[in-house]
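With mmCIF, C-alpha atoms inside, this is my_file.cif:
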```cif
data_entry
#
loop_
_atom_site.group_PDB
_atom_site.id
_atom_site.type_symbol
_atom_site.label_atom_id
_atom_site.label_comp_id
_atom_site.auth_asym_id
_atom_site.auth_seq_id
_atom_site.Cartn_x
_atom_site.Cartn_y
_atom_site.Cartn_z
ATOM 1 C CA MET A 1 -53.832 -41.146 16.436
ATOM 2 C CA ARG A 2 -53.526 -37.620 15.049
ATOM 3 C CA ARG A 3 -51.183 -36.649 17.856
ATOM 4 C CA LEU A 4 -49.043 -39.722 17.282
ATOM 5 C CA GLU A 5 -48.878 -39.062 13.528
ATOM 6 C CA ALA A 6 -47.966 -35.425 14.195
ATOM 7 C CA LEU A 7 -45.166 -36.482 16.566
ATOM 8 C CA GLU A 8 -43.801 -39.009 14.052
ATOM 9 C CA ALA A 9 -43.941 -36.451 11.256
ATOM 10 C CA ASN A 10 -42.098 -33.935 13.445
ATOM 11 C CA GLU A 11 -39.409 -36.502 14.382
ATOM 12 C CA SER A 12 -38.917 -37.599 10.795
ATOM 13 C CA SER A 13 -38.373 -34.024 9.675
ATOM 14 C CA GLU A 14 -35.796 -33.447 12.457
ATOM 15 C CA CYS A 15 -33.914 -36.753 12.209
ATOM 16 C CA GLN A 16 -32.610 -39.042 9.491
ATOM 17 C CA LYS A 17 -30.804 -42.331 9.236
ATOM 18 C CA ASP A 18 -27.046 -42.242 9.472
ATOM 19 C CA PRO A 19 -25.688 -42.224 5.867
ATOM 20 C CA PHE A 20 -22.873 -44.592 6.878
ATOM 21 C CA ASP A 21 -25.393 -47.191 8.070
ATOM 22 C CA GLU A 22 -27.458 -46.768 4.910
ATOM 23 C CA VAL A 23 -24.410 -47.464 2.708
ATOM 24 C CA MET A 24 -22.897 -50.215 4.839
ATOM 25 C CA GLY A 25 -26.242 -51.889 5.493
ATOM 26 C CA ASP A 26 -25.703 -52.333 9.198
ATOM 27 C CA GLY A 27 -29.404 -52.417 9.704
ATOM 28 C CA ARG A 28 -29.530 -50.364 12.829
ATOM 29 C CA ALA A 29 -31.072 -46.934 12.572
ATOM 30 C CA VAL A 30 -29.112 -44.061 14.012
ATOM 31 C CA ARG A 31 -30.883 -40.771 14.343
ATOM 32 C CA VAL A 32 -28.952 -37.598 13.630
ATOM 33 C CA SER A 33 -30.555 -34.380 14.733
ATOM 34 C CA ARG A 34 -30.850 -31.649 12.132
ATOM 35 C CA LYS A 35 -31.239 -29.023 14.809
ATOM 36 C CA LYS A 36 -28.596 -26.332 14.985
ATOM 37 C CA PRO A 37 -26.202 -26.971 17.882
ATOM 38 C CA GLN A 38 -26.680 -24.577 20.776
ATOM 39 C CA GLU A 39 -24.168 -21.805 21.077
ATOM 40 C CA ASN A 40 -21.820 -21.958 24.022
ATOM 41 C CA VAL A 41 -23.451 -19.772 26.664
ATOM 42 C CA ALA A 42 -20.148 -18.418 27.991
ATOM 43 C CA GLY A 43 -18.958 -17.513 24.497
ATOM 44 C CA ASN A 44 -17.137 -19.281 21.740
ATOM 45 C CA SER A 45 -14.686 -21.878 22.951
ATOM 46 C CA LEU A 46 -11.423 -22.743 21.318
ATOM 47 C CA ILE A 47 -9.332 -25.867 21.686
ATOM 48 C CA LEU A 48 -5.621 -25.192 21.443
ATOM 49 C CA PRO A 49 -2.854 -27.723 20.956
ATOM 50 C CA LYS A 50 -0.845 -28.664 24.041
ATOM 51 C CA GLU A 51 2.300 -27.010 22.628
ATOM 52 C CA VAL A 52 0.500 -23.682 22.255
ATOM 53 C CA MET A 53 -0.901 -23.912 25.773
ATOM 54 C CA GLU A 54 2.555 -24.716 27.183
ATOM 55 C CA SER A 55 4.013 -21.732 25.324
ATOM 56 C CA ILE A 56 1.326 -19.411 26.705
ATOM 57 C CA LYS A 57 1.816 -20.875 30.172
ATOM 58 C CA SER A 58 5.585 -20.311 30.083
ATOM 59 C CA VAL A 59 5.116 -16.666 29.036
ATOM 60 C CA VAL A 60 2.573 -16.043 31.798
ATOM 61 C CA VAL A 61 4.757 -17.754 34.415
ATOM 62 C CA ALA A 62 7.786 -15.696 33.336
ATOM 63 C CA ASP A 63 5.771 -12.468 33.598
ATOM 64 C CA VAL A 64 4.467 -13.356 37.051
ATOM 65 C CA GLN A 65 7.945 -14.309 38.266
ATOM 66 C CA LYS A 66 9.338 -11.020 36.938
ATOM 67 C CA GLU A 67 6.641 -9.049 38.779
ATOM 68 C CA LEU A 68 7.217 -11.009 41.996
ATOM 69 C CA SER A 69 10.956 -10.406 41.779
ATOM 70 C CA ALA A 70 10.399 -6.661 41.374
ATOM 71 C CA GLU A 71 8.033 -6.642 44.355
ATOM 72 C CA ARG A 72 10.559 -8.564 46.483
ATOM 73 C CA GLU A 73 13.275 -6.025 45.633
ATOM 74 C CA GLU A 74 10.956 -3.150 46.536
ATOM 75 C CA ILE A 75 10.058 -4.785 49.850
ATOM 76 C CA ALA A 76 13.759 -5.364 50.629
ATOM 77 C CA LYS A 77 14.524 -1.678 49.977
ATOM 78 C CA GLU A 78 11.633 -0.613 52.201
ATOM 79 C CA LYS A 79 12.860 -2.974 54.918
ATOM 80 C CA GLU A 80 16.358 -1.456 54.777
ATOM 81 C CA ALA A 81 14.932 2.066 54.950
ATOM 82 C CA ASP A 82 12.753 1.083 57.928
ATOM 83 C CA ALA A 83 15.749 -0.456 59.709
ATOM 84 C CA ALA A 84 17.726 2.766 59.187
ATOM 85 C CA ARG A 85 14.842 4.842 60.580
ATOM 86 C CA VAL A 86 14.538 2.563 63.621
ATOM 87 C CA ALA A 87 18.277 2.802 64.280
ATOM 88 C CA GLU A 88 18.139 6.597 64.019
ATOM 89 C CA MET A 89 15.161 6.745 66.388
ATOM 90 C CA GLU A 90 16.943 4.494 68.891
ATOM 91 C CA ARG A 91 20.059 6.673 68.730
ATOM 92 C CA ALA A 92 18.004 9.849 69.194
ATOM 93 C CA THR A 93 16.130 8.302 72.121
ATOM 94 C CA LYS A 94 19.354 7.255 73.810
ATOM 95 C CA GLU A 95 20.816 10.687 73.239
ATOM 96 C CA GLN A 96 17.754 12.356 74.764
ATOM 97 C CA GLU A 97 17.872 10.026 77.769
ATOM 98 C CA MET A 98 21.488 10.988 78.344
ATOM 99 C CA ARG A 99 20.649 14.688 78.114
ATOM 100 C CA ASP A 100 17.826 14.184 80.594
ATOM 101 C CA ASP A 101 20.187 12.328 82.943
ATOM 102 C CA LEU A 102 22.752 15.128 82.679
ATOM 103 C CA ALA A 103 20.119 17.770 83.350
ATOM 104 C CA ALA A 104 18.884 15.839 86.391
ATOM 105 C CA GLN A 105 22.293 15.815 87.984
ATOM 106 C CA LYS A 106 22.759 18.833 90.220
ATOM 107 C CA GLU A 107 26.336 18.355 91.258
ATOM 108 C CA PRO A 108 29.144 19.328 88.934
ATOM 109 C CA MET A 109 30.365 16.576 86.662
ATOM 110 C CA SER A 110 33.802 15.192 86.567
ATOM 111 C CA LEU A 111 35.650 14.580 83.342
ATOM 112 C CA ASP A 112 35.125 10.836 83.798
ATOM 113 C CA VAL A 113 31.342 11.220 83.770
ATOM 114 C CA ILE A 114 31.484 13.431 80.653
ATOM 115 C CA ALA A 115 33.825 11.022 78.861
ATOM 116 C CA SER A 116 31.555 8.112 79.763
ATOM 117 C CA ALA A 117 28.549 9.976 78.371
ATOM 118 C CA PHE A 118 30.336 10.694 75.086
ATOM 119 C CA ALA A 119 31.458 7.085 74.832
ATOM 120 C CA GLN A 120 27.858 5.931 75.113
ATOM 121 C CA LEU A 121 26.868 8.233 72.236
ATOM 122 C CA ARG A 122 29.207 6.450 69.896
#
```
Give the structure from the file, written as structure tokens.
Amino acid sequence: MRRLEALEANESSECQKDPFDEVMGDGRAVRVSRKKPQENVAGNSLILPKEVMESIKSVVVADVQKELSAEREEIAKEKEADAARVAEMERATKEQEMRDDLAAQKEPMSLDVIASAFAQLR
């Protein structure tokens, strides 16, 4: 009995009838806890209106698109520079192959062979 009385006393100190029901006379008891609500574990939360969220979203999207555009331009420039380096390497390789071919030939060259070699360099 003592335990039951202690539990009832504890509940009555923590809860009360809903004031609306007391005034309106609904007759049903609604318990409202007097305990302090627990703090949000992750931190304080904030509910923003949809318009504010849309505004923030549009700013973030614009920033991300601007950064992506800058990165695309940088990649395009790097691609052009790489293509130029590859072309230069191919030209140098071809030139070296021609020099090696000329050095390998032991007989004297005719003007036609020399002209053909220069034409390939262009």
Notebook entry, point to check: At what distance in Å, to one decimal, does CA of Ser69 (chain A) lie from CA of Met53 (chain A)?
Noted result: 24.1 Å
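The coordinates place CA of Ala119 (chain A) at 14.8 Å from CA of Ala92 (chain A).
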Notebook entry, point to check: Suppose you want the space between CA of Glu97 (chain A) and CA of Val113 (chain A); what is it in Å?
Noted result: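 Between CA of Glu97 (chain A) and CA of Val113 (chain A) the gap is 14.8 Å.
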